[in-house]
Amino acid sequence: MKQRIFGWISVLFGIVLSLAALEVTAIVWLYLEDGRYTSAEELFERTQNTYVRDATKGTACRYVDTLFPHPYVAFVHHANPPCGIPWVNNVGLFGPDYPVLKPTDRYVVMLTGGSVASQLGQNAAPPAPRYLEEELNKKYISPNGKPFMVLNGGDGAWKEPQPFILFSLYASSVDAVAVLGGFNEHYFFWPGAEERLERPLSNFLDVNPFVADENFGDAAIGWVMGRIAGTLALNPVLGRSHAAYMVVRGIEQAAKGKDIFKSAKKTTLNSMFHMPENIRSNHKLAFDTQLGLYQKYIKATVAVAKDNNVKAAYFIQPAPAIGKELTEEEKRVVGDLSYKNMYANIVTGLMTLRDGGTPIYDLTQIFAGEKATIYADHIHYARDAANESPGNRIIAARMGEILAENWGFQRKP
C-alpha cells in the first residue's frame, strides 16, 4: 500500500512539475514576444477588441448574445436577460431614446458610424461622459438656442450603408447628422477581402456578426474561441495561466489554417454582394469601384439631409497606421498596420468629394502631435475605469470646432 501511495504521489508530483514547466515556458515565450512581462489577464483581454470586450465584461456572454435583429440595419442590441445590455434605448442603441418628431427643446445631432462613433457618443452605462454632447454644450450655442442632444447612432462593425440607412429612417427627427467612419469600410477595398479578413482572436464580430456559408468557418471558429477564451478568463486558476492562453491561441491559429465549413449553397451572403471576377482581378478597377460605392453613400447622406433641411458632415476617422507615433504600449495592441497605404488612398479619394461641395473632413492626422497612449486596440481609444478618454476628448473637440465653423454655432462667452 505504501508503495502504491508513493507511486501516486510521484505521478502527481510529475504532473505538477510538468504543468509548472509549461507555464514557465509560456511566460518566457510571451515575454520575448512583448518585450516585457504581460499578465495572463491582460493577454485574455487582448483576445477581444475593447468594444466587444466591454459589452460583455464580467460575464460569460458573447458579444453576439447582446445583439438583436433589425429589419433595416441588420442588428442592434437588446436589454433582455441574461445577456442583454440594460441601458440600450428604444431603438436598440445607446443614449437617449430616439424621437419620432423633432424635439423643440433640443438641437438634435445624430452621430453615426461604427464602434468608434458609438464610443464617441458613449455606449457605456450612465453616468459615463457623453464626449461630443458635452463638448458642444460646453463651448457652443446651437442655432435654435436650445441645448445640444447627441443621438448615438453607431454600433460595432457598422459600415456603409448602415449609417446612411439609420439616418434615412430618422432624418425628419433631427436637426443635423455627423458621420464618423472609414476604418470598417476599408476592409472591403482588399482584393478578395471577404475571403481574407484577418482579425484577432474572436474579433470576427468586428467585421460582421451575421456571417454565413463561405465565412461560416471563421465565424464558427470565432464563436468557439471567443466562448472558450471568455470562460477561461473568468476561471480563477486558468484565467491567470499563460499556458492556457497559449493553448487557446494555438487552437485558433491551427483552425484558421484549415479550409473548412465550405458551403455548396447557391444563395449566400457572399453571393449577394460578390464582385464580378473581371473587376476583382483588376486591383485598380476593384479599388475604384469600391471607392465609387463608398462615395455614393456619403453623397446620398448629404442629399437626404438637404431634402429634410438637416445639416450634414462626414468625418474620416484616424487609424493607428497613419498620423501618430505609436507608444510601446500601443504597438503591442494595434495589430497589423499593412493597410496604411490603402487607407491613405481611400482618404485621398474620399476627399475629392469636397470639390463638389460635400462637407467631408479628414481627421487622420488629429493625433500627430500626441505622445501619450491613445489607442487601446486596433482602432478604439483607451478609456479609464470612469470611461474618461483622451482620444475621444480630442476627437470631440476637433469635430466641435469644425461643426461650429460650418454649421454656424456661436461660441459661448
# chains A, B, ... in the order shown; residues from 1 in each chain; ligands from 1

call {"tool": "select_by_dssp", "arguments": {"residues": "region 89-196 of chain A", "states": "helix (DSSP H, G or I)", "output": "number ranges by chain"}}
result
A: 115-121, 131-139, 162-173, 183-189, 193-196

call {"tool": "closest_atom_pairs", "arguments": {"of": "region 101-208 of chain A", "to": "region 310-329 of chain A", "cutoff": "10 Å", "atoms": "only C-alpha atoms", "output": "JSON lines"}}
result
{"residue": "A:Val109", "atom": "CA", "partner": "A:Lys311", "partner_atom": "CA", "distance": 8.9}
{"residue": "A:Met110", "atom": "CA", "partner": "A:Ala312", "partner_atom": "CA", "distance": 9.5}
{"residue": "A:Leu111", "atom": "CA", "partner": "A:Ala313", "partner_atom": "CA", "distance": 9.8}
{"residue": "A:Thr112", "atom": "CA", "partner": "A:Tyr314", "partner_atom": "CA", "distance": 9.6}
{"residue": "A:Gly113", "atom": "CA", "partner": "A:Phe315", "partner_atom": "CA", "distance": 9.6}
{"residue": "A:Val116", "atom": "CA", "partner": "A:Gln317", "partner_atom": "CA", "distance": 8.5}
{"residue": "A:Ala117", "atom": "CA", "partner": "A:Gln317", "partner_atom": "CA", "distance": 9.0}
{"residue": "A:Ala171", "atom": "CA", "partner": "A:Val310", "partner_atom": "CA", "distance": 7.3}
{"residue": "A:Ser172", "atom": "CA", "partner": "A:Val310", "partner_atom": "CA", "distance": 8.1}
{"residue": "A:Ser173", "atom": "CA", "partner": "A:Val310", "partner_atom": "CA", "distance": 9.5}
{"residue": "A:Val174", "atom": "CA", "partner": "A:Val310", "partner_atom": "CA", "distance": 7.2}
{"residue": "A:Asp175", "atom": "CA", "partner": "A:Val310", "partner_atom": "CA", "distance": 5.2}
{"residue": "A:Ala176", "atom": "CA", "partner": "A:Lys311", "partner_atom": "CA", "distance": 4.4}
{"residue": "A:Val177", "atom": "CA", "partner": "A:Ala312", "partner_atom": "CA", "distance": 4.9}
{"residue": "A:Ala178", "atom": "CA", "partner": "A:Ala313", "partner_atom": "CA", "distance": 4.9}
{"residue": "A:Val179", "atom": "CA", "partner": "A:Tyr314", "partner_atom": "CA", "distance": 4.7}
{"residue": "A:Leu180", "atom": "CA", "partner": "A:Phe315", "partner_atom": "CA", "distance": 4.8}
{"residue": "A:Gly181", "atom": "CA", "partner": "A:Ile316", "partner_atom": "CA", "distance": 5.4}
{"residue": "A:Gly182", "atom": "CA", "partner": "A:Ile316", "partner_atom": "CA", "distance": 5.5}
{"residue": "A:Phe183", "atom": "CA", "partner": "A:Gln317", "partner_atom": "CA", "distance": 6.9}

call {"tool": "residues_around", "arguments": {"residues": "region 293-296 of chain A", "least_positions_apart": "2", "cutoff": "9 Å", "atoms": "only C-alpha atoms", "output": "MDAnalysis selection string"}}
result
chainID A and resid 160:161 185 288:291 298:301 349:350 353

call {"tool": "write_last_selection", "arguments": {"atoms": "C-alpha atoms", "output": "short mmCIF file (atom, residue, chain, number, x, y, z; two decimals), in the first residue's frame"}}
result
data_model
loop_
_atom_site.label_atom_id
_atom_site.label_comp_id
_atom_site.auth_asym_id
_atom_site.auth_seq_id
_atom_site.Cartn_x
_atom_site.Cartn_y
_atom_site.Cartn_z
CA GLU A 160 -21.90 51.95 -45.00
CA PRO A 161 -24.74 51.71 -45.82
CA GLU A 185 -15.23 50.28 -44.73
CA ASP A 288 -12.04 52.46 -57.92
CA THR A 289 -15.32 50.54 -57.92
CA GLN A 290 -15.35 50.22 -54.14
CA LEU A 291 -14.39 53.87 -53.76
CA ILE A 298 -21.71 59.72 -48.44
CA LYS A 299 -23.35 61.77 -51.20
CA ALA A 300 -26.67 60.06 -50.53
CA THR A 301 -26.44 61.02 -46.85
CA GLY A 349 -10.25 59.53 -52.96
CA LEU A 350 -12.95 60.48 -50.49
CA LEU A 353 -15.84 64.91 -52.84
#

call {"tool": "residues_around", "arguments": {"residues": "Val91 (chain A)", "least_positions_apart": "5", "cutoff": "12 Å", "atoms": "only C-alpha atoms", "output": "list in words"}}
result
Phe68, Pro69, His70, Pro71, Tyr72, Val73, Phe75, Val76, His77, His78, Ala79, Pro96, Asp97, Tyr98, Pro99, Val100, Leu151, Asn152, Gly153, Gly154, Asp155, Leu166, Leu169 and Tyr170 of chain A

call {"tool": "residues_around", "arguments": {"residues": "Gln122 (chain A)", "least_positions_apart": "6", "cutoff": "10 Å", "atoms": "only C-alpha atoms", "output": "PyMOL selection string"}}
result
chain A and resi 94-95+115-116+128-133+150-152+154+387+392

call {"tool": "write_last_selection", "arguments": {"atoms": "all heavy atoms", "output": "short mmCIF file (atom, residue, chain, number, x, y, z; two decimals), in the first residue's frame"}}
result
data_model
loop_
_atom_site.label_atom_id
_atom_site.label_comp_id
_atom_site.auth_asym_id
_atom_site.auth_seq_id
_atom_site.Cartn_x
_atom_site.Cartn_y
_atom_site.Cartn_z
N PHE A 94 -27.54 53.16 -27.91
CA PHE A 94 -27.20 53.67 -26.59
C PHE A 94 -27.52 55.15 -26.47
O PHE A 94 -27.53 55.87 -27.46
CB PHE A 94 -25.73 53.41 -26.29
CG PHE A 94 -25.34 51.96 -26.44
CD1 PHE A 94 -24.70 51.51 -27.58
CD2 PHE A 94 -25.64 51.05 -25.45
CE1 PHE A 94 -24.35 50.18 -27.73
CE2 PHE A 94 -25.30 49.71 -25.58
CZ PHE A 94 -24.66 49.27 -26.73
N GLY A 95 -27.73 55.61 -25.24
CA GLY A 95 -28.02 57.02 -25.04
C GLY A 95 -29.51 57.28 -24.99
O GLY A 95 -30.33 56.37 -24.81
N SER A 115 -18.18 51.31 -34.38
CA SER A 115 -17.97 51.23 -32.93
C SER A 115 -17.26 52.46 -32.38
O SER A 115 -17.50 52.87 -31.24
CB SER A 115 -17.19 49.97 -32.58
OG SER A 115 -15.97 49.90 -33.30
N VAL A 116 -16.35 53.07 -33.16
CA VAL A 116 -15.66 54.27 -32.69
C VAL A 116 -16.65 55.42 -32.52
O VAL A 116 -16.59 56.16 -31.54
CB VAL A 116 -14.52 54.64 -33.66
CG1 VAL A 116 -13.90 55.98 -33.27
CG2 VAL A 116 -13.44 53.56 -33.65
N ALA A 128 -21.46 57.68 -17.55
CA ALA A 128 -20.26 57.80 -18.38
C ALA A 128 -20.35 59.06 -19.24
O ALA A 128 -21.43 59.42 -19.71
CB ALA A 128 -20.12 56.57 -19.28
N PRO A 129 -19.24 59.76 -19.46
CA PRO A 129 -19.26 61.04 -20.18
C PRO A 129 -19.69 60.88 -21.64
O PRO A 129 -19.23 59.98 -22.34
CB PRO A 129 -17.81 61.53 -20.09
CG PRO A 129 -17.00 60.29 -19.84
CD PRO A 129 -17.87 59.40 -19.02
N ARG A 130 -20.57 61.75 -22.07
CA ARG A 130 -21.02 61.77 -23.46
C ARG A 130 -20.19 62.84 -24.18
O ARG A 130 -20.56 64.01 -24.25
CB ARG A 130 -22.52 62.07 -23.51
CG ARG A 130 -23.34 60.95 -22.85
CD ARG A 130 -24.83 61.29 -22.76
NE ARG A 130 -25.39 61.65 -24.04
CZ ARG A 130 -25.71 60.79 -24.99
NH1 ARG A 130 -25.51 59.49 -24.79
NH2 ARG A 130 -26.22 61.21 -26.13
N TYR A 131 -19.05 62.39 -24.71
CA TYR A 131 -17.97 63.28 -25.13
C TYR A 131 -18.42 64.40 -26.07
O TYR A 131 -18.17 65.58 -25.80
CB TYR A 131 -16.86 62.47 -25.79
CG TYR A 131 -16.42 61.27 -25.01
CD1 TYR A 131 -16.79 59.98 -25.40
CD2 TYR A 131 -15.64 61.40 -23.86
CE1 TYR A 131 -16.38 58.87 -24.69
CE2 TYR A 131 -15.23 60.28 -23.13
CZ TYR A 131 -15.61 59.02 -23.55
OH TYR A 131 -15.22 57.91 -22.84
N LEU A 132 -19.05 64.05 -27.19
CA LEU A 132 -19.41 65.08 -28.17
C LEU A 132 -20.51 65.98 -27.63
O LEU A 132 -20.45 67.21 -27.80
CB LEU A 132 -19.84 64.43 -29.49
CG LEU A 132 -20.15 65.42 -30.62
CD1 LEU A 132 -18.95 66.30 -30.95
CD2 LEU A 132 -20.62 64.68 -31.88
N GLU A 133 -21.50 65.41 -26.99
CA GLU A 133 -22.58 66.23 -26.45
C GLU A 133 -22.05 67.19 -25.40
O GLU A 133 -22.43 68.38 -25.38
CB GLU A 133 -23.65 65.32 -25.84
CG GLU A 133 -24.88 66.08 -25.34
CD GLU A 133 -25.96 65.13 -24.87
OE1 GLU A 133 -26.67 64.56 -25.72
OE2 GLU A 133 -26.10 64.95 -23.63
N VAL A 150 -27.08 64.78 -28.50
CA VAL A 150 -26.45 63.94 -29.50
C VAL A 150 -27.03 62.54 -29.41
O VAL A 150 -26.93 61.87 -28.38
CB VAL A 150 -24.92 63.89 -29.31
CG1 VAL A 150 -24.29 62.89 -30.28
CG2 VAL A 150 -24.32 65.28 -29.51
N LEU A 151 -27.68 62.10 -30.47
CA LEU A 151 -28.20 60.74 -30.55
C LEU A 151 -27.09 59.80 -30.99
O LEU A 151 -26.43 60.05 -32.00
CB LEU A 151 -29.36 60.66 -31.55
CG LEU A 151 -30.63 61.43 -31.22
CD1 LEU A 151 -31.65 61.25 -32.33
CD2 LEU A 151 -31.21 60.99 -29.87
N ASN A 152 -26.87 58.75 -30.22
CA ASN A 152 -25.83 57.78 -30.55
C ASN A 152 -26.35 56.86 -31.65
O ASN A 152 -27.24 56.04 -31.42
CB ASN A 152 -25.45 56.97 -29.31
CG ASN A 152 -24.16 56.19 -29.51
OD1 ASN A 152 -23.80 55.84 -30.63
ND2 ASN A 152 -23.49 55.90 -28.42
N GLY A 154 -24.24 54.87 -33.66
CA GLY A 154 -23.17 53.98 -34.10
C GLY A 154 -23.23 52.65 -33.38
O GLY A 154 -23.80 52.53 -32.30
N ASN A 387 -14.45 55.77 -17.62
CA ASN A 387 -14.73 55.99 -19.04
C ASN A 387 -14.24 57.34 -19.54
O ASN A 387 -14.72 57.85 -20.55
CB ASN A 387 -16.23 55.84 -19.34
CG ASN A 387 -16.68 54.39 -19.31
OD1 ASN A 387 -16.26 53.59 -20.14
ND2 ASN A 387 -17.48 54.05 -18.32
N ASN A 392 -11.08 60.22 -27.23
CA ASN A 392 -12.43 60.68 -27.53
C ASN A 392 -12.60 62.17 -27.25
O ASN A 392 -13.34 62.85 -27.96
CB ASN A 392 -13.44 59.87 -26.71
CG ASN A 392 -13.72 58.51 -27.33
OD1 ASN A 392 -14.12 58.40 -28.48
ND2 ASN A 392 -13.49 57.45 -26.57
#

call {"tool": "closest_residue", "arguments": {"among": "A:Lys139, A:Asn89, A:Asp54, A:Trp158", "to": "Ala74 (chain A)", "atoms": "only C-alpha atoms"}}
result
A:Trp158
